[in-house]
$ cat data39.pdb   # PDB, C-alpha atoms
ATOM      1  CA  MET A   1      24.502 -18.038   9.444
ATOM      2  CA  LYS A   2      21.499 -16.192  10.915
ATOM      3  CA  GLU A   3      21.824 -13.472   8.247
ATOM      4  CA  PHE A   4      21.970 -16.125   5.515
ATOM      5  CA  ASN A   5      18.881 -17.895   6.851
ATOM      6  CA  GLU A   6      16.911 -14.653   7.122
ATOM      7  CA  THR A   7      17.862 -13.737   3.552
ATOM      8  CA  LYS A   8      16.630 -17.112   2.322
ATOM      9  CA  GLN A   9      13.397 -16.659   4.274
ATOM     10  CA  LEU A  10      12.888 -13.192   2.788
ATOM     11  CA  ILE A  11      13.403 -14.513  -0.751
ATOM     12  CA  LEU A  12      11.039 -17.397   0.039
ATOM     13  CA  PHE A  13       8.455 -14.886   1.271
ATOM     14  CA  PHE A  14       8.553 -12.994  -2.023
ATOM     15  CA  ILE A  15       8.486 -16.162  -4.156
ATOM     16  CA  ILE A  16       5.505 -17.662  -2.298
ATOM     17  CA  THR A  17       3.619 -14.366  -2.194
ATOM     18  CA  LEU A  18       4.028 -13.581  -5.896
ATOM     19  CA  THR A  19       3.368 -17.151  -7.033
ATOM     20  CA  TRP A  20       0.289 -17.533  -4.831
ATOM     21  CA  THR A  21      -1.231 -14.226  -5.922
ATOM     22  CA  TRP A  22      -0.448 -14.628  -9.625
ATOM     23  CA  VAL A  23      -1.735 -18.218  -9.803
ATOM     24  CA  PHE A  24      -5.061 -17.499  -8.117
ATOM     25  CA  GLY A  25      -5.326 -14.087  -9.781
ATOM     26  CA  PHE A  26      -4.777 -15.388 -13.318
ATOM     27  CA  VAL A  27      -6.749 -18.657 -13.064
ATOM     28  CA  PRO A  28     -10.119 -16.822 -13.380
ATOM     29  CA  VAL A  29      -8.750 -14.948 -16.421
ATOM     30  CA  PHE A  30      -7.527 -18.114 -18.170
ATOM     31  CA  MET A  31     -10.766 -19.956 -17.332
ATOM     32  CA  GLY A  32     -12.946 -17.016 -18.375
ATOM     33  CA  ILE A  33     -14.748 -16.900 -15.028
ATOM     34  CA  GLU A  34     -13.857 -13.346 -13.944
ATOM     35  CA  GLY A  35     -16.784 -11.775 -12.122
ATOM     36  CA  THR A  36     -18.423 -15.096 -11.232
ATOM     37  CA  PRO A  37     -18.633 -16.114  -7.554
ATOM     38  CA  LEU A  38     -15.849 -18.691  -8.029
ATOM     39  CA  GLY A  39     -13.660 -16.327 -10.015
ATOM     40  CA  THR A  40     -14.099 -13.549  -7.458
ATOM     41  CA  PHE A  41     -13.287 -15.924  -4.594
ATOM     42  CA  LEU A  42     -10.103 -17.143  -6.294
ATOM     43  CA  PHE A  43      -8.996 -13.601  -7.092
ATOM     44  CA  TYR A  44      -9.407 -12.349  -3.527
ATOM     45  CA  PHE A  45      -7.962 -15.539  -2.095
ATOM     46  CA  GLY A  46      -4.789 -14.730  -4.005
ATOM     47  CA  GLY A  47      -4.867 -11.172  -2.685
ATOM     48  CA  GLY A  48      -4.322 -12.327   0.880
ATOM     49  CA  ALA A  49      -0.941 -13.882   0.118
ATOM     50  CA  PRO A  50       1.372 -11.160   1.559
ATOM     51  CA  SER A  51      -0.150 -11.192   5.041
ATOM     52  CA  VAL A  52      -0.827 -14.931   5.281
ATOM     53  CA  THR A  53       2.644 -15.897   4.033
ATOM     54  CA  ALA A  54       4.309 -13.456   6.429
ATOM     55  CA  LEU A  55       2.300 -14.671   9.414
ATOM     56  CA  PHE A  56       3.277 -18.278   8.694
ATOM     57  CA  ILE A  57       6.956 -17.319   8.568
ATOM     58  CA  VAL A  58       6.670 -15.204  11.717
ATOM     59  CA  PHE A  59       5.089 -18.045  13.700
ATOM     60  CA  LEU A  60       7.535 -20.622  12.352
ATOM     61  CA  THR A  61      10.823 -18.709  12.613
ATOM     62  CA  TYR A  62      10.481 -15.849  15.135
ATOM     63  CA  SER A  63      11.316 -16.253  18.793
ATOM     64  CA  LYS A  64       8.635 -15.571  21.395
ATOM     65  CA  GLU A  65      10.004 -12.060  22.025
ATOM     66  CA  GLN A  66      10.231 -11.321  18.305
ATOM     67  CA  ARG A  67       6.610 -12.355  17.821
ATOM     68  CA  LYS A  68       5.503 -10.161  20.726
ATOM     69  CA  ASP A  69       7.356  -7.182  19.277
ATOM     70  CA  TYR A  70       5.908  -7.880  15.815
ATOM     71  CA  PHE A  71       2.305  -7.956  16.989
ATOM     72  CA  ARG A  72       2.779  -4.962  19.300
ATOM     73  CA  ARG A  73       3.900  -2.945  16.306
ATOM     74  CA  CYS A  74       0.964  -4.314  14.294
ATOM     75  CA  PHE A  75      -1.780  -3.391  16.745
ATOM     76  CA  ARG A  76      -0.658  -0.936  19.432
ATOM     77  CA  PHE A  77      -1.802   2.570  18.589
ATOM     78  CA  ARG A  78       0.646   4.231  20.999
ATOM     79  CA  TYR A  79       3.554   3.395  18.690
ATOM     80  CA  MET A  80       2.233   5.943  16.195
ATOM     81  CA  GLY A  81      -0.023   8.128  18.348
ATOM     82  CA  ILE A  82      -2.786  10.530  17.356
ATOM     83  CA  LYS A  83      -0.274  12.973  15.834
ATOM     84  CA  TRP A  84       0.657  10.704  12.951
ATOM     85  CA  LEU A  85      -2.922   9.618  12.344
ATOM     86  CA  VAL A  86      -3.949  13.273  11.953
ATOM     87  CA  LEU A  87      -0.940  14.064   9.744
ATOM     88  CA  ILE A  88      -1.657  11.087   7.472
ATOM     89  CA  VAL A  89      -5.316  12.080   7.067
ATOM     90  CA  LEU A  90      -4.449  15.721   6.395
ATOM     91  CA  PHE A  91      -1.710  14.788   3.921
ATOM     92  CA  PHE A  92      -3.926  12.621   1.741
ATOM     93  CA  THR A  93      -6.845  15.030   2.046
ATOM     94  CA  LEU A  94      -4.583  17.816   0.736
ATOM     95  CA  ILE A  95      -3.429  15.657  -2.190
ATOM     96  CA  SER A  96      -7.010  14.869  -3.209
ATOM     97  CA  ILE A  97      -8.108  18.512  -2.942
ATOM     98  CA  VAL A  98      -5.157  19.686  -5.045
ATOM     99  CA  ALA A  99      -5.708  16.930  -7.628
ATOM    100  CA  ILE A 100      -9.436  17.647  -7.968
ATOM    101  CA  TRP A 101      -8.726  21.384  -8.221
ATOM    102  CA  ILE A 102      -6.238  20.708 -11.020
ATOM    103  CA  GLY A 103      -8.514  18.250 -12.807
ATOM    104  CA  VAL A 104     -11.811  20.105 -12.493
ATOM    105  CA  GLY A 105     -10.657  23.708 -12.143
ATOM    106  CA  ILE A 106      -7.847  23.765 -14.719
ATOM    107  CA  PHE A 107      -8.533  20.911 -17.147
ATOM    108  CA  ALA A 108     -12.351  21.011 -16.822
ATOM    109  CA  PHE A 109     -12.675  17.274 -16.176
ATOM    110  CA  GLU A 110     -15.944  16.001 -14.762
ATOM    111  CA  MET A 111     -16.351  16.445 -11.005
ATOM    112  CA  PRO A 112     -16.138  13.136  -9.082
ATOM    113  CA  GLY A 113     -19.474  11.720  -7.938
ATOM    114  CA  MET A 114     -18.377  11.210  -4.295
ATOM    115  CA  ASN A 115     -21.170   8.724  -3.622
ATOM    116  CA  TYR A 116     -19.626   7.539  -0.336
ATOM    117  CA  VAL A 117     -19.312  11.114   0.915
ATOM    118  CA  HIS A 118     -22.995  11.742   0.176
ATOM    119  CA  ALA A 119     -23.941   8.480   1.911
ATOM    120  CA  ILE A 120     -21.942   9.436   5.028
ATOM    121  CA  VAL A 121     -23.501  12.917   5.131
ATOM    122  CA  GLN A 122     -26.974  11.363   4.935
ATOM    123  CA  ASN A 123     -26.157   8.765   7.587
ATOM    124  CA  PRO A 124     -22.891   9.124   9.569
ATOM    125  CA  PHE A 125     -23.042   5.438  10.537
ATOM    126  CA  ASN A 126     -22.159   4.626   6.917
ATOM    127  CA  LEU A 127     -18.636   5.752   7.819
ATOM    128  CA  VAL A 128     -18.187   2.472   9.715
ATOM    129  CA  PHE A 129     -18.968   0.511   6.550
ATOM    130  CA  VAL A 130     -16.654   2.685   4.440
ATOM    131  CA  LEU A 131     -13.778   2.279   6.908
ATOM    132  CA  PHE A 132     -14.343  -1.473   7.023
ATOM    133  CA  ILE A 133     -14.171  -1.707   3.231
ATOM    134  CA  SER A 134     -11.025   0.431   3.276
ATOM    135  CA  VAL A 135      -9.325  -1.826   5.837
ATOM    136  CA  ILE A 136     -10.030  -5.100   4.032
ATOM    137  CA  SER A 137      -9.275  -3.746   0.541
ATOM    138  CA  GLY A 138      -5.529  -3.476   1.084
ATOM    139  CA  PRO A 139      -4.062  -3.022   4.563
ATOM    140  CA  LEU A 140      -5.439  -6.193   6.150
ATOM    141  CA  ASN A 141      -4.402  -8.623   3.422
ATOM    142  CA  GLU A 142      -1.063  -6.952   2.628
ATOM    143  CA  GLU A 143       0.543  -5.036   5.475
ATOM    144  CA  PHE A 144       1.397  -7.939   7.785
ATOM    145  CA  GLY A 145       3.740  -8.867   4.939
ATOM    146  CA  TRP A 146       5.022  -5.804   3.085
ATOM    147  CA  ARG A 147       5.743  -3.600   6.097
ATOM    148  CA  GLY A 148       5.341  -6.111   8.897
ATOM    149  CA  TYR A 149       7.786  -8.681   7.592
ATOM    150  CA  ALA A 150       9.734  -7.541   4.527
ATOM    151  CA  LEU A 151      10.537  -3.851   4.940
ATOM    152  CA  GLU A 152      12.895  -3.871   7.905
ATOM    153  CA  LYS A 153      14.797  -6.845   6.490
ATOM    154  CA  LEU A 154      15.289  -4.986   3.218
ATOM    155  CA  PHE A 155      16.388  -1.882   5.153
ATOM    156  CA  VAL A 156      19.197  -3.857   6.777
ATOM    157  CA  ARG A 157      20.341  -5.403   3.501
ATOM    158  CA  CYS A 158      19.827  -2.571   1.001
ATOM    159  CA  GLY A 159      19.578   0.762   2.806
ATOM    160  CA  PHE A 160      16.588   3.094   2.875
ATOM    161  CA  THR A 161      16.347   4.156  -0.775
ATOM    162  CA  LYS A 162      17.085   0.815  -2.447
ATOM    163  CA  ALA A 163      14.871  -1.079   0.005
ATOM    164  CA  THR A 164      11.971   1.312  -0.557
ATOM    165  CA  LEU A 165      12.271   1.164  -4.348
ATOM    166  CA  LEU A 166      12.739  -2.616  -4.418
ATOM    167  CA  LEU A 167       9.747  -3.313  -2.191
ATOM    168  CA  GLY A 168       7.714  -0.775  -4.176
ATOM    169  CA  PHE A 169       8.606  -2.556  -7.421
ATOM    170  CA  ILE A 170       7.673  -5.971  -6.021
ATOM    171  CA  TRP A 171       4.463  -4.494  -4.604
ATOM    172  CA  GLY A 172       3.672  -3.006  -7.998
ATOM    173  CA  ILE A 173       4.204  -6.152 -10.082
ATOM    174  CA  TRP A 174       2.332  -8.152  -7.449
ATOM    175  CA  HIS A 175      -0.764  -6.436  -8.942
ATOM    176  CA  LEU A 176      -0.237  -7.909 -12.442
ATOM    177  CA  ALA A 177      -3.422  -9.989 -12.317
ATOM    178  CA  TRP A 178      -5.386  -6.799 -11.538
ATOM    179  CA  TYR A 179      -4.631  -5.572 -15.099
ATOM    180  CA  PHE A 180      -6.716  -8.437 -16.533
ATOM    181  CA  THR A 181      -9.561  -8.441 -14.007
ATOM    182  CA  PRO A 182     -12.554  -6.228 -14.876
ATOM    183  CA  GLY A 183     -13.591  -3.905 -12.062
ATOM    184  CA  GLN A 184     -10.036  -3.265 -10.888
ATOM    185  CA  ALA A 185      -8.383   0.147 -11.296
ATOM    186  CA  GLN A 186      -5.390  -1.380 -13.091
ATOM    187  CA  TYR A 187      -7.737  -3.014 -15.629
ATOM    188  CA  ASP A 188      -9.284   0.364 -16.389
ATOM    189  CA  LEU A 189      -5.821   1.890 -16.773
ATOM    190  CA  LEU A 190      -4.822  -0.744 -19.339
ATOM    191  CA  GLN A 191      -8.037  -0.277 -21.297
ATOM    192  CA  ASN A 192      -7.514   3.471 -21.421
ATOM    193  CA  SER A 193      -3.753   3.914 -21.920
ATOM    194  CA  LEU A 194      -0.778   1.564 -22.033
ATOM    195  CA  PHE A 195       1.444   4.385 -20.777
ATOM    196  CA  ASP A 196      -0.747   5.043 -17.734
ATOM    197  CA  ALA A 197      -0.909   1.303 -17.058
ATOM    198  CA  ILE A 198       2.888   1.029 -17.120
ATOM    199  CA  MET A 199       3.235   4.144 -14.966
ATOM    200  CA  TYR A 200       1.279   2.417 -12.220
ATOM    201  CA  ILE A 201       4.441   0.496 -11.256
ATOM    202  CA  PRO A 202       6.692   3.561 -10.705
ATOM    203  CA  SER A 203       3.798   5.313  -8.955
ATOM    204  CA  VAL A 204       3.706   2.486  -6.386
ATOM    205  CA  MET A 205       7.491   2.663  -6.020
ATOM    206  CA  ILE A 206       7.346   6.405  -5.297
ATOM    207  CA  PHE A 207       4.333   5.994  -2.994
ATOM    208  CA  ASN A 208       6.338   3.484  -0.995
ATOM    209  CA  PHE A 209       8.582   6.356   0.163
ATOM    210  CA  ALA A 210       5.601   7.754   2.088
ATOM    211  CA  VAL A 211       5.025   4.420   3.805
ATOM    212  CA  SER A 212       8.726   3.931   4.590
ATOM    213  CA  TYR A 213       9.026   7.483   5.895
ATOM    214  CA  VAL A 214       6.129   7.093   8.342
ATOM    215  CA  TYR A 215       7.380   3.637   9.326
ATOM    216  CA  ILE A 216      10.729   5.109  10.386
ATOM    217  CA  LYS A 217       9.219   8.187  12.046
ATOM    218  CA  THR A 218       6.917   5.990  14.157
ATOM    219  CA  LYS A 219       9.738   3.685  15.328
ATOM    220  CA  GLY A 220       8.696   0.792  13.109
ATOM    221  CA  SER A 221       4.926   0.939  13.609
ATOM    222  CA  ILE A 222       3.371  -1.545  11.202
ATOM    223  CA  LEU A 223      -0.022  -0.073  12.073
ATOM    224  CA  ALA A 224       1.158   3.363  10.919
ATOM    225  CA  GLY A 225       2.275   1.920   7.582
ATOM    226  CA  ALA A 226      -1.127   0.275   7.222
ATOM    227  CA  PHE A 227      -2.839   3.620   7.901
ATOM    228  CA  VAL A 228      -0.797   5.279   5.136
ATOM    229  CA  HIS A 229      -1.924   2.545   2.742
ATOM    230  CA  MET A 230      -5.516   2.731   3.968
ATOM    231  CA  PHE A 231      -5.973   6.508   3.789
ATOM    232  CA  SER A 232      -4.244   6.715   0.423
ATOM    233  CA  ASN A 233      -6.938   4.380  -0.907
ATOM    234  CA  LEU A 234      -9.772   5.907   1.098
ATOM    235  CA  LEU A 235      -9.130   9.604   0.488
ATOM    236  CA  GLY A 236      -7.595   9.261  -2.961
ATOM    237  CA  SER A 237     -10.046   6.796  -4.474
ATOM    238  CA  GLN A 238     -12.890   5.272  -2.492
ATOM    239  CA  LEU A 239     -14.495   8.361  -0.972
ATOM    240  CA  ILE A 240     -14.499  10.339  -4.223
ATOM    241  CA  SER A 241     -15.740   7.536  -6.495
ATOM    242  CA  PRO A 242     -17.175   7.322  -9.049
ATOM    243  CA  TYR A 243     -14.795   9.445 -11.080
ATOM    244  CA  SER A 244     -13.528   9.621 -14.642
ATOM    245  CA  THR A 245     -10.308   8.043 -15.806
ATOM    246  CA  GLU A 246      -8.944  11.569 -16.318
ATOM    247  CA  ILE A 247      -9.569  12.507 -12.692
ATOM    248  CA  GLY A 248      -8.088   9.199 -11.566
ATOM    249  CA  MET A 249      -4.873   9.841 -13.449
ATOM    250  CA  THR A 250      -4.746  13.445 -12.220
ATOM    251  CA  ILE A 251      -4.898  12.130  -8.656
ATOM    252  CA  ARG A 252      -2.202   9.532  -9.383
ATOM    253  CA  TYR A 253       0.224  12.012 -10.923
ATOM    254  CA  THR A 254      -0.462  14.549  -8.165
ATOM    255  CA  LYS A 255       0.375  11.856  -5.632
ATOM    256  CA  MET A 256       3.590  11.091  -7.500
ATOM    257  CA  ALA A 257       4.596  14.770  -7.306
ATOM    258  CA  PHE A 258       3.958  14.910  -3.542
ATOM    259  CA  PHE A 259       5.665  11.576  -2.877
ATOM    260  CA  GLY A 260       8.576  12.557  -5.106
ATOM    261  CA  CYS A 261       9.199  15.627  -2.944
ATOM    262  CA  LEU A 262       9.035  13.460   0.171
ATOM    263  CA  ALA A 263      11.464  10.980  -1.425
ATOM    264  CA  LEU A 264      13.975  13.771  -2.073
ATOM    265  CA  TYR A 265      13.694  14.846   1.561
ATOM    266  CA  CYS A 266      14.310  11.298   2.769
ATOM    267  CA  ILE A 267      17.321  10.877   0.497
ATOM    268  CA  PHE A 268      19.047  14.190   1.294
ATOM    269  CA  SER A 269      17.964  15.047   4.857
ATOM    270  CA  LYS A 270      20.750  14.447   7.392
ATOM    271  CA  LYS A 271      18.247  14.510  10.247
ATOM    272  CA  PHE A 272      16.119  11.795   8.653
ATOM    273  CA  LYS A 273      19.210   9.697   7.888
ATOM    274  CA  GLU A 274      20.124   9.837  11.575
ATOM    275  CA  GLU A 275      16.614   8.697  12.551
ATOM    276  CA  TYR A 276      16.796   5.930   9.966
ATOM    277  CA  ASN A 277      20.205   4.710  11.154
ATOM    278  CA  GLU A 278      19.010   4.718  14.765
ATOM    279  CA  ARG A 279      15.963   2.672  13.856
ATOM    280  CA  VAL A 280      17.834   0.198  11.644
ATOM    281  CA  SER A 281      20.437  -0.397  14.334
ATOM    282  CA  SER A 282      17.650  -1.879  16.458
ATOM    283  CA  PHE A 283      16.875  -4.426  13.734
ATOM    284  CA  VAL A 284      20.340  -5.938  13.641
TER     285      VAL A 284
END
$ encode --input "data39.pdb" --output "structure tokens"
Amino acid sequence: MKEFNETKQLILFFIITLTWTWVFGFVPVFMGIEGTPLGTFLFYFGGGAPSVTALFIVFLTYSKEQRKDYFRRCFRFRYMGIKWLVLIVLFFTLISIVAIWIGVGIFAFEMPGMNYVHAIVQNPFNLVFVLFISVISGPLNEEFGWRGYALEKLFVRCGFTKATLLLGFIWGIWHLAWYFTPGQAQYDLLQNSLFDAIMYIPSVMIFNFAVSYVYIKTKGSILAGAFVHMFSNLLGSQLISPYSTEIGMTIRYTKMAFFGCLALYCIFSKKFKEEYNERVSSFV
């Protein structure tokens, strides 16, 4: 009975999250008010659905001990430690360097402007602002839900690979309103190439292997998953902006190559499977 109830709650989480985000994301498009103060408010109000929905369910259905464990894994740095923070930063830095080298050095695309990097060099205190923007532009309004609530429940029901791909797919289509909202990366993709716009979905699915991998390696640290999300955005997009569509797609496909290799490791590594099984056994 408990398993049945948790499955219903998980389905309810996805239904509420997708409906909430799509309704408030598409209303400005249908009303023609994208970019206005009201349209921008509605769009970003919809973007907070994953975390807000999950927190409501956690407070309504979790026991006191479950809530304590949930929030410890959300906020306690010791669950991931400095090692994984450094590895995450180095990993995404390497991806960006390789992608820019391929784009600029091999294909002769225009070098990214890196306005934020220049601003930080001129005044190191600007780093605080950049990190703040990076936190609120994804991890804060999403990760209490995707990794905090949904991921471990999908692990138990589907296994590592299916759970990662399924959550990645849902995470990808959750962005549908972004395709019709000027100023969003997905909008630019659709204007430039239908193929690249469609490929955004599988790119999110493959990226989700990186988040799931770190989540397991850090014993279920929701904070660690949020850092993967944050530094992927920060080091692969925000810090190097503005950049051409060509450079953006080079970065995306380079990421897919790196994440694809990591996915193969997760799928075929006996050692990782043992770590995964040990972690999942604690969920049940």
$ atom_distance --input "data39.pdb" --atom1 "CA of Leu167 (chain A)" --atom2 "CA of Ile201 (chain A)"
11.2 Å
$ closest_residue --input "data39.pdb" --among "A:Tyr62, A:Tyr116, A:Tyr213, A:Trp84" --to "Phe129 (chain A)" --atoms "only C-alpha atoms"
A:Tyr116
$ closest_residue --input "data39.pdb" --among "A:Ala49, A:Ile33, A:Ile222, A:Leu235" --to "Asp69 (chain A)" --atoms "only C-alpha atoms"
A:Ile222
$ atom_distance --input "data39.pdb" --atom1 "CA of Ala54 (chain A)" --atom2 "CA of Tyr149 (chain A)"
6.0 Å
$ closest_residue --input "data39.pdb" --among "A:Phe24, A:Phe91, A:Phe30, A:Phe41" --to "Phe231 (chain A)" --atoms "all atoms listed in the file"
A:Phe91
$ resolve_selection --input "data39.pdb" --expression "the PyMOL selection byres ((chain A and resi 44) around 10)" --output "PyMOL selection string"
chain A and resi 21+24-25+39-43+45-49+137+141
$ residues_around --input "data39.pdb" --residues "region 169-183 of chain A" --least-positions-apart "3" --cutoff "8 Å" --atoms "only C-alpha atoms" --output "NGL selection string"
:A and (18 or 21-22 or 25-26 or 29 or 34-35 or 146 or 165-166 or 186-190 or 200-202 or 204-205)
$ residues_around --input "data39.pdb" --residues "Thr53 (chain A)" --least-positions-apart "3" --cutoff "9 Å" --atoms "all atoms listed in the file" --output "ChimeraX atom specification"
/A:13-14,16-17,48-50,56-58,144-145
$ atom_distance --input "data39.pdb" --atom1 "CA of Gly105 (chain A)" --atom2 "CA of Leu90 (chain A)"
21.1 Å
$ resolve_selection --input "data39.pdb" --expression "the PyMOL selection byres ((chain A and resi 112) around 7)" --output "MDAnalysis selection string"
chainID A and resid 110:111 113:114 240:243
$ resolve_selection --input "data39.pdb" --expression "the PyMOL selection byres ((chain A and resi 88) around 10)" --output "ChimeraX atom specification"
/A:82-87,89-94,210,214,224-225,227-232
$ closest_residue --input "data39.pdb" --among "A:Ala226, A:Val280, A:Ala150, A:Ile97" --to "Phe77 (chain A)" --atoms "all atoms listed in the file"
A:Ala226
$ closest_atom_pairs --input "data39.pdb" --of "region 42-127 of chain A" --to "region 251-260 of chain A" --cutoff "9 Å" --atoms "only C-alpha atoms" --output "JSON lines"
{"residue": "A:Phe92", "atom": "CA", "partner": "A:Lys255", "partner_atom": "CA", "distance": 8.6}
{"residue": "A:Ile95", "atom": "CA", "partner": "A:Lys255", "partner_atom": "CA", "distance": 6.4}
{"residue": "A:Ser96", "atom": "CA", "partner": "A:Ile251", "partner_atom": "CA", "distance": 6.5}
{"residue": "A:Val98", "atom": "CA", "partner": "A:Thr254", "partner_atom": "CA", "distance": 7.6}
{"residue": "A:Ala99", "atom": "CA", "partner": "A:Ile251", "partner_atom": "CA", "distance": 5.0}
{"residue": "A:Ile100", "atom": "CA", "partner": "A:Ile251", "partner_atom": "CA", "distance": 7.2}
{"residue": "A:Ile102", "atom": "CA", "partner": "A:Thr254", "partner_atom": "CA", "distance": 8.9}
{"residue": "A:Gly103", "atom": "CA", "partner": "A:Ile251", "partner_atom": "CA", "distance": 8.2}
$ residues_near_point --input "data39.pdb" --point "(-17.1, 1.3, 7.8)" --cutoff "12 Å" --atoms "all atoms listed in the file" --output "list in words"
Tyr116, Ala119, Ile120, Asn123, Pro124, Phe125, Asn126, Leu127, Val128, Phe129, Val130, Leu131, Phe132, Ile133, Ser134, Val135, Ile136, Ser137, Leu234, Gln238 and Leu239 of chain A
$ write_last_selection --input "data39.pdb" --atoms "C-alpha atoms" --output "PDB file, keeping the file's coordinate frame"
ATOM      1  CA  TYR A 116     -19.626   7.539  -0.336  1.00  0.00           C
ATOM      2  CA  ALA A 119     -23.941   8.480   1.911  1.00  0.00           C
ATOM      3  CA  ILE A 120     -21.942   9.436   5.028  1.00  0.00           C
ATOM      4  CA  ASN A 123     -26.157   8.765   7.587  1.00  0.00           C
ATOM      5  CA  PRO A 124     -22.891   9.124   9.569  1.00  0.00           C
ATOM      6  CA  PHE A 125     -23.042   5.438  10.537  1.00  0.00           C
ATOM      7  CA  ASN A 126     -22.159   4.626   6.917  1.00  0.00           C
ATOM      8  CA  LEU A 127     -18.636   5.752   7.819  1.00  0.00           C
ATOM      9  CA  VAL A 128     -18.187   2.472   9.715  1.00  0.00           C
ATOM     10  CA  PHE A 129     -18.968   0.511   6.550  1.00  0.00           C
ATOM     11  CA  VAL A 130     -16.654   2.685   4.440  1.00  0.00           C
ATOM     12  CA  LEU A 131     -13.778   2.279   6.908  1.00  0.00           C
ATOM     13  CA  PHE A 132     -14.343  -1.473   7.023  1.00  0.00           C
ATOM     14  CA  ILE A 133     -14.171  -1.707   3.231  1.00  0.00           C
ATOM     15  CA  SER A 134     -11.025   0.431   3.276  1.00  0.00           C
ATOM     16  CA  VAL A 135      -9.325  -1.826   5.837  1.00  0.00           C
ATOM     17  CA  ILE A 136     -10.030  -5.100   4.032  1.00  0.00           C
ATOM     18  CA  SER A 137      -9.275  -3.746   0.541  1.00  0.00           C
ATOM     19  CA  LEU A 234      -9.772   5.907   1.098  1.00  0.00           C
ATOM     20  CA  GLN A 238     -12.890   5.272  -2.492  1.00  0.00           C
ATOM     21  CA  LEU A 239     -14.495   8.361  -0.972  1.00  0.00           C
TER      22      LEU A 239
END
$ residues_around --input "data39.pdb" --residues "Arg157 (chain A)" --least-positions-apart "2" --cutoff "12 Å" --atoms "only C-alpha atoms" --output "list of chain:residue names"
A:Glu3, A:Phe4, A:Glu6, A:Thr7, A:Leu10, A:Ala150, A:Leu151, A:Glu152, A:Lys153, A:Leu154, A:Phe155, A:Gly159, A:Phe160, A:Thr161, A:Lys162, A:Ala163, A:Thr164, A:Leu166, A:Val280, A:Ser281, A:Phe283, A:Val284
$ axis_aligned_box --input "data39.pdb" --around "region 231-241 of chain A" --padding-each-side "4 Å" --output "lines of an AutoDock Vina configuration file"
center_x = -10.0
center_y = 7.4
center_z = -1.4
size_x = 19.5
size_y = 14.0
size_z = 18.3
$ closest_residue --input "data39.pdb" --among "A:Ser244, A:Leu223, A:Gly32, A:Ile15" --to "Pro139 (chain A)" --atoms "only C-alpha atoms"
A:Leu223
$ residues_near_point --input "data39.pdb" --point "(12.0, 3.7, 12.4)" --cutoff "10 Å" --atoms "all atoms listed in the file" --output "ChimeraX atom specification"
/A:152,212-221,272,275-283
$ build_atoms --input "data39.pdb" --residues "region 40-53 of chain A" --atoms "N, CA and C atoms" --output "PDB file, in the coordinates of the input"
ATOM      1  N   THR A  40     -14.325 -14.610  -8.445  1.00  0.00           N
ATOM      2  CA  THR A  40     -14.099 -13.549  -7.458  1.00  0.00           C
ATOM      3  C   THR A  40     -13.437 -14.106  -6.207  1.00  0.00           C
ATOM      4  N   PHE A  41     -13.892 -15.296  -5.769  1.00  0.00           N
ATOM      5  CA  PHE A  41     -13.287 -15.924  -4.594  1.00  0.00           C
ATOM      6  C   PHE A  41     -11.812 -16.221  -4.836  1.00  0.00           C
ATOM      7  N   LEU A  42     -11.497 -16.806  -5.989  1.00  0.00           N
ATOM      8  CA  LEU A  42     -10.103 -17.143  -6.294  1.00  0.00           C
ATOM      9  C   LEU A  42      -9.237 -15.887  -6.347  1.00  0.00           C
ATOM     10  N   PHE A  43      -9.748 -14.847  -6.968  1.00  0.00           N
ATOM     11  CA  PHE A  43      -8.996 -13.601  -7.092  1.00  0.00           C
ATOM     12  C   PHE A  43      -8.662 -13.029  -5.718  1.00  0.00           C
ATOM     13  N   TYR A  44      -9.647 -12.930  -4.847  1.00  0.00           N
ATOM     14  CA  TYR A  44      -9.407 -12.349  -3.527  1.00  0.00           C
ATOM     15  C   TYR A  44      -8.653 -13.301  -2.601  1.00  0.00           C
ATOM     16  N   PHE A  45      -8.769 -14.591  -2.849  1.00  0.00           N
ATOM     17  CA  PHE A  45      -7.962 -15.539  -2.095  1.00  0.00           C
ATOM     18  C   PHE A  45      -6.477 -15.312  -2.395  1.00  0.00           C
ATOM     19  N   GLY A  46      -6.168 -15.045  -3.637  1.00  0.00           N
ATOM     20  CA  GLY A  46      -4.789 -14.730  -4.005  1.00  0.00           C
ATOM     21  C   GLY A  46      -4.314 -13.423  -3.408  1.00  0.00           C
ATOM     22  N   GLY A  47      -5.232 -12.481  -3.219  1.00  0.00           N
ATOM     23  CA  GLY A  47      -4.867 -11.172  -2.685  1.00  0.00           C
ATOM     24  C   GLY A  47      -4.411 -11.189  -1.242  1.00  0.00           C
ATOM     25  N   GLY A  48      -4.730 -12.245  -0.523  1.00  0.00           N
ATOM     26  CA  GLY A  48      -4.322 -12.327   0.880  1.00  0.00           C
ATOM     27  C   GLY A  48      -2.934 -12.902   1.098  1.00  0.00           C
ATOM     28  N   ALA A  49      -2.236 -13.200   0.018  1.00  0.00           N
ATOM     29  CA  ALA A  49      -0.941 -13.882   0.118  1.00  0.00           C
ATOM     30  C   ALA A  49       0.103 -13.145   0.950  1.00  0.00           C
ATOM     31  N   PRO A  50       0.292 -11.816   0.800  1.00  0.00           N
ATOM     32  CA  PRO A  50       1.372 -11.160   1.559  1.00  0.00           C
ATOM     33  C   PRO A  50       1.233 -11.332   3.065  1.00  0.00           C
ATOM     34  N   SER A  51       0.036 -11.102   3.593  1.00  0.00           N
ATOM     35  CA  SER A  51      -0.150 -11.192   5.041  1.00  0.00           C
ATOM     36  C   SER A  51      -0.105 -12.631   5.536  1.00  0.00           C
ATOM     37  N   VAL A  52      -0.772 -13.535   4.824  1.00  0.00           N
ATOM     38  CA  VAL A  52      -0.827 -14.931   5.281  1.00  0.00           C
ATOM     39  C   VAL A  52       0.557 -15.565   5.234  1.00  0.00           C
ATOM     40  N   THR A  53       1.294 -15.343   4.151  1.00  0.00           N
ATOM     41  CA  THR A  53       2.644 -15.897   4.033  1.00  0.00           C
ATOM     42  C   THR A  53       3.542 -15.370   5.143  1.00  0.00           C
TER      43      THR A  53
END
